[in-house]
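Chemist: So that we are looking at the same thing, I have put the structure below in structure tokens.
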Amino acid sequence: MRSLLLTAVCASALISGMAEAAICAVTQGTDGGLLSAAGDEPVFIEADTLIENRADGSYMAQGNVVARQNGRTVEADELIYRPGTNRVIARGNVAIFSDNAPPQFADEIELDDALGEGLAVGFSTLLENNGSTAAAFAVRRANGSLELTNAYYTACRIETHGREPTWRLRAARAVRDTDSDMMYYRDVRLEVLGLPVAFSPVFAHADPSSERRSGLLFPDFGVSSRLGAFYGQPYHWVLSPYQDITVTPRVMANVNPLVELEYRRRFWSGDMAFETSYTRERDIDSDGELLNDAEHRWHLFGGGEFDVTENWVWGFGVQLASDDFHMRSYDISETYEDYPGIIEPAPRRLMNQLYAQGRTDNYYAEVIASGVQSLREFENDDQLPVMAPLGELRLNTAAGERFGRLRAIASTTVLTRNDGVDYQRASASLDWQAQFIAPGGLVFEPFAAGRTDYYSFSDVPGALPGNTVTEDSFGRVLGYAGAELSWPLINSTGAADTILEPMLQALVASDDTESTRIINEDSQTAELDETLLFDHNRATGYDLWEEGTRLTYGLRSTTFWGNNNQLRGFIGQSRRLDGDPVFAANSGLFEDDSDFIVAGEIDLGSFDLMARTRVDAEDGTLNRIDLMATYYGQRVFAQIRYFSFDDSLNRPGPSEEIQLVSQTRLTENWSVVYNVQRDMDQDVNRRQEVGFRYRDFCTDFEILYQRENLNIGNLGPSESIQFRVTLFTLGGIGSE
């Protein structure tokens with residue numbers, strides 16, 4: 001093999017004009033194998049044969065030709081350089097590689113003397129983000145733009161054995177414009193599996209190498225029993241590298257159009273986002289019938305969070321709606337995935353909050369101002385509180401291995417209502433806990449706590465008609481002390497390891513002499529489970545105080561075997577030795593002997609089965625059953641959950657329900673989805689979804705049938721069929 005050094009002019013030509021250089025003379029080197037020109041970067045070329053034609057002054061390299069310069073490489077079967085006409089031609093399996101550009105391929109390529117423009121036959125190139133394009137004939141302009149004739153573009157893998165790509169754009173002419181970072185087409189058609197499905201005289205989309213671009217996004221469309229046929233066309237508008245807006249007009253057959261808008265912005269210290277919708281329309285029932293008079297209907301969700309220091313952030317969350325049924329009517333989710341904040345909104349309630357939060361290893365602090373809007377049909381917003389402020393400070397101190405951990409907590413809450421009781425509370429507490437391990441592995445954990453609360457109420461209704469107590473204020477001092485014993489016992493048989501851990505907790509709490517004067521705001525619910533059973537203070541907030549003496553006992557077991565297989569089990573109960581009940585009858589803690597908590601889980605990797613039950617201590621009634629099975633297979637994912645509550649507990653919502661979420665892969669790319677939520681009390685499916693999904697390297701397509709039967713206001717059962725299509729790299733369609 002012989003070697004040849006050419007000037008940068010030849011290198012630039014071979015690299016499709018990626019470098020710009022002046023034309024220079026080529027002279028014979030002293031060793032007969034070197035061609036050089038002063039002032040230009042040389043190119044090293046390898047070939048099986050090197051021929052110099054002295055008649056016309058041309059040079060030819062043949063056989064396994066490889067040219068390299070500055071991290072760029074050209075491979076070809078044959079390369080010809082003609083100084084007289086200033087042409088460089090590469091033929092046969094031409095491949096062009098560069099450190100900063102995708103590879104390009106051609107049957108033949110020829111560049112002019114300026115080395116900025118060139119022609120290629122049988123051209124193809126890989127683009128960023130898995131894009132690829134090919135053309136029968138290509139012209140490269142001096143600025144790097146490509147003009148393609150009889151071209152196609154796709155982000156799919158180019159399959160062998162004659163299989164067509166999932167989709168591609170085929171055009172009589174296409175231009176890859178490097179100035180605008182766009183790709184433009186004329187007489188273009190969209191082919192799916194080789195079959196034409198859509199045609200347009202002109203079309204454009206963002207170059208795969210470009211950053212976020214303004215343009216049309218993929219639409220969503222379908223048909224609904226409530227809205228009729230609908231079509232939504234998003235337009236994404238990039239305002240700057242750090243902010244954008246997406247506007248989506250939605251047209252529906254049964255109702256007036258609606259417009260949705262989403263705004264996002266990043267800052268050096270954080271980010272914020274908002275979404276909103278607006279229409280002017282009457283109420284809609286489940287059949288699409290219009291009721292009442294037309295009104296302005298809208299919603300606004302959003303928020304942001306920002307760093308103040310390394311340990312402190314502040315943020316806000318906004319959730320507002322014009323009425324209770326606007327979002328449900330137009331199938332807008334009442335759950336905002338990007339909602340920040342410390343307080344999580346309850347179902348069918350909207351939360352607005354402003355907060356600051358700080359944390360280190362030794363302290364946690366938060367302060368919140370918050371208000372609530374209810375979407376529940378029979379709930380009066382005037383009776384819901386404005387919470388301002390809510391504040392809490394926790395200070396942790398490690399007192400050493402012998403003295404355990406000491407924690408101080410200060411908390412305050414102020415609730416104000418337009419209609420109802422105004423509530424103020426301030427609390428300060430100190431709690432201590434330590435751990436000692438005796439010989440043999442017996443774990444002894446003593447603990448103690450003391451707390452003082454101050455309450456002030458106004459607009460308090462009296463116990464008898466006409467007897468109104470408008471104000472009340474008082475304080476109380478509370479405390480508890482106790483200890484917990486546990487003894488983890490380990491048994492290893494070689495095939496499996498088992499940990500058996502009996503636990504016993506004894507706790508004595510002071511009496512609450514002011515319990516009858518306290519209006520319970522923060523401890524409305526308590527759902528007994530394995531975690532809550534051994535809590536020192538089992539109330540969810542400050543207002544309830546569980547007084548008296550109680551014993552809590554339980555047994556936990558864990559077995560490990562094989563490849564991370566596990567079997568876990570728990571049984572436990574609490575017994576109140578003295579003191580009055582403070583929790584509701586449906587909590588499992590009302591009687592002196594609490595419900596038994598029985599829980600278990602088996603985890604076999606691809607299969608997981610979990611069971612949690614609450615068993616009445618007196619008659620063995622199953623007050624609660626919660627079962628969930630999950631299977632992850634190569635073709636099947638399924639999760640089924642069943643829960644039921646004893647009807648006599650008067651728990652809101654259905655007492656028995658079953659939920660199924662499943663996806664079954666029919667082929668490598670096709671899957672069927674089926675989800676259902678069934679109310680066993682009413683023997684009706686509340687939500688049901690069934691559909692097909694296709695997903696491969698370049699495409700995501702989904703057709704989904706949905707039925708909802710929640711009976712909220714005038715919104716009875718509704719049905720819809722939705723289509724969702726995403727062709728990867730075609731997210732921005734159009735131009736700025």
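Residue numbers start at 1 in each chain; chains themselves are named A, B, ... in the order of the structure tokens; ligands are numbered from 1 in the order shown.
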Report as number ranges by chain all protein, DNA and RNA residues lying within 12 Å of Ile437 (chain A), evaluated on only C-alpha atoms, omitting residues in the same chain fewer than 3 positions from it.
Modeler: A: 401-402, 434, 440-446, 484-488
Chemist: Would you kindly return, as a PDB file with C-alpha atoms, in the first residue's frame, each protein, DNA or RNA residue with an atom no farther than 6 Å from any atom of region 409-422 of chain A, considering only C-alpha atoms and excluding same-chain residues fewer than 3 positions away?
Modeler:
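Once everything was written out, this is selection.pdb:
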ATOM      1  CA  ASP A 382     -67.242  29.450  52.568  1.00  0.00           C
ATOM      2  CA  GLN A 383     -66.920  26.710  55.193  1.00  0.00           C
ATOM      3  CA  PRO A 385     -60.593  27.398  55.844  1.00  0.00           C
ATOM      4  CA  VAL A 386     -57.881  29.736  54.708  1.00  0.00           C
ATOM      5  CA  MET A 387     -54.768  28.361  56.384  1.00  0.00           C
ATOM      6  CA  ALA A 388     -52.391  31.212  57.103  1.00  0.00           C
ATOM      7  CA  PRO A 389     -49.996  30.656  58.534  1.00  0.00           C
ATOM      8  CA  LEU A 390     -49.101  27.020  59.064  1.00  0.00           C
ATOM      9  CA  GLY A 391     -45.617  26.707  60.472  1.00  0.00           C
ATOM     10  CA  GLU A 392     -43.393  24.045  61.940  1.00  0.00           C
ATOM     11  CA  LEU A 393     -39.799  23.882  63.163  1.00  0.00           C
ATOM     12  CA  ARG A 394     -38.029  20.662  64.131  1.00  0.00           C
ATOM     13  CA  ARG A 425     -53.253  26.742  67.743  1.00  0.00           C
ATOM     14  CA  ALA A 426     -49.639  26.998  68.909  1.00  0.00           C
ATOM     15  CA  SER A 427     -47.693  23.988  70.185  1.00  0.00           C
ATOM     16  CA  ALA A 428     -44.243  23.231  71.524  1.00  0.00           C
ATOM     17  CA  SER A 429     -42.971  19.755  72.269  1.00  0.00           C
ATOM     18  CA  PHE A 457     -61.480  29.719  68.850  1.00  0.00           C
ATOM     19  CA  SER A 458     -63.990  32.285  67.644  1.00  0.00           C
ATOM     20  CA  ASP A 459     -67.469  32.031  66.100  1.00  0.00           C
ATOM     21  CA  VAL A 460     -68.032  28.808  68.005  1.00  0.00           C
TER      22      VAL A 460
END
Chemist: List as JSON lines every residue of region 256-284 of chain A that is in contact with region 336-348 of chain A, defined as an atom at most 9 Å from one of its atoms (using only C-alpha atoms), together with the nearest atom pair and the distance in Å rounded to one decimal, sorted by chain and then rising number.
Modeler:
{"residue": "A:Ala273", "atom": "CA", "partner": "A:Asp338", "partner_atom": "CA", "distance": 7.7}
{"residue": "A:Phe274", "atom": "CA", "partner": "A:Asp338", "partner_atom": "CA", "distance": 9.0}
{"residue": "A:Glu275", "atom": "CA", "partner": "A:Tyr336", "partner_atom": "CA", "distance": 9.0}
Chemist: Quick one: everything within 6 Å of region 67-84 of chain A, counting only C-alpha atoms, minus sequence neighbours fewer than 2 positions away in the same chain. Send it as a ChimeraX atom specification.
Modeler: /A:43-45,58-65,86-99
Chemist: Counting only C-alpha atoms, which residue out of A:Tyr330, A:Tyr185, A:Tyr242, A:Phe306 sits closest to Asn254 (chain A)?
Modeler: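 Answer, going by the shortest atom-to-atom distance: A:Tyr330.
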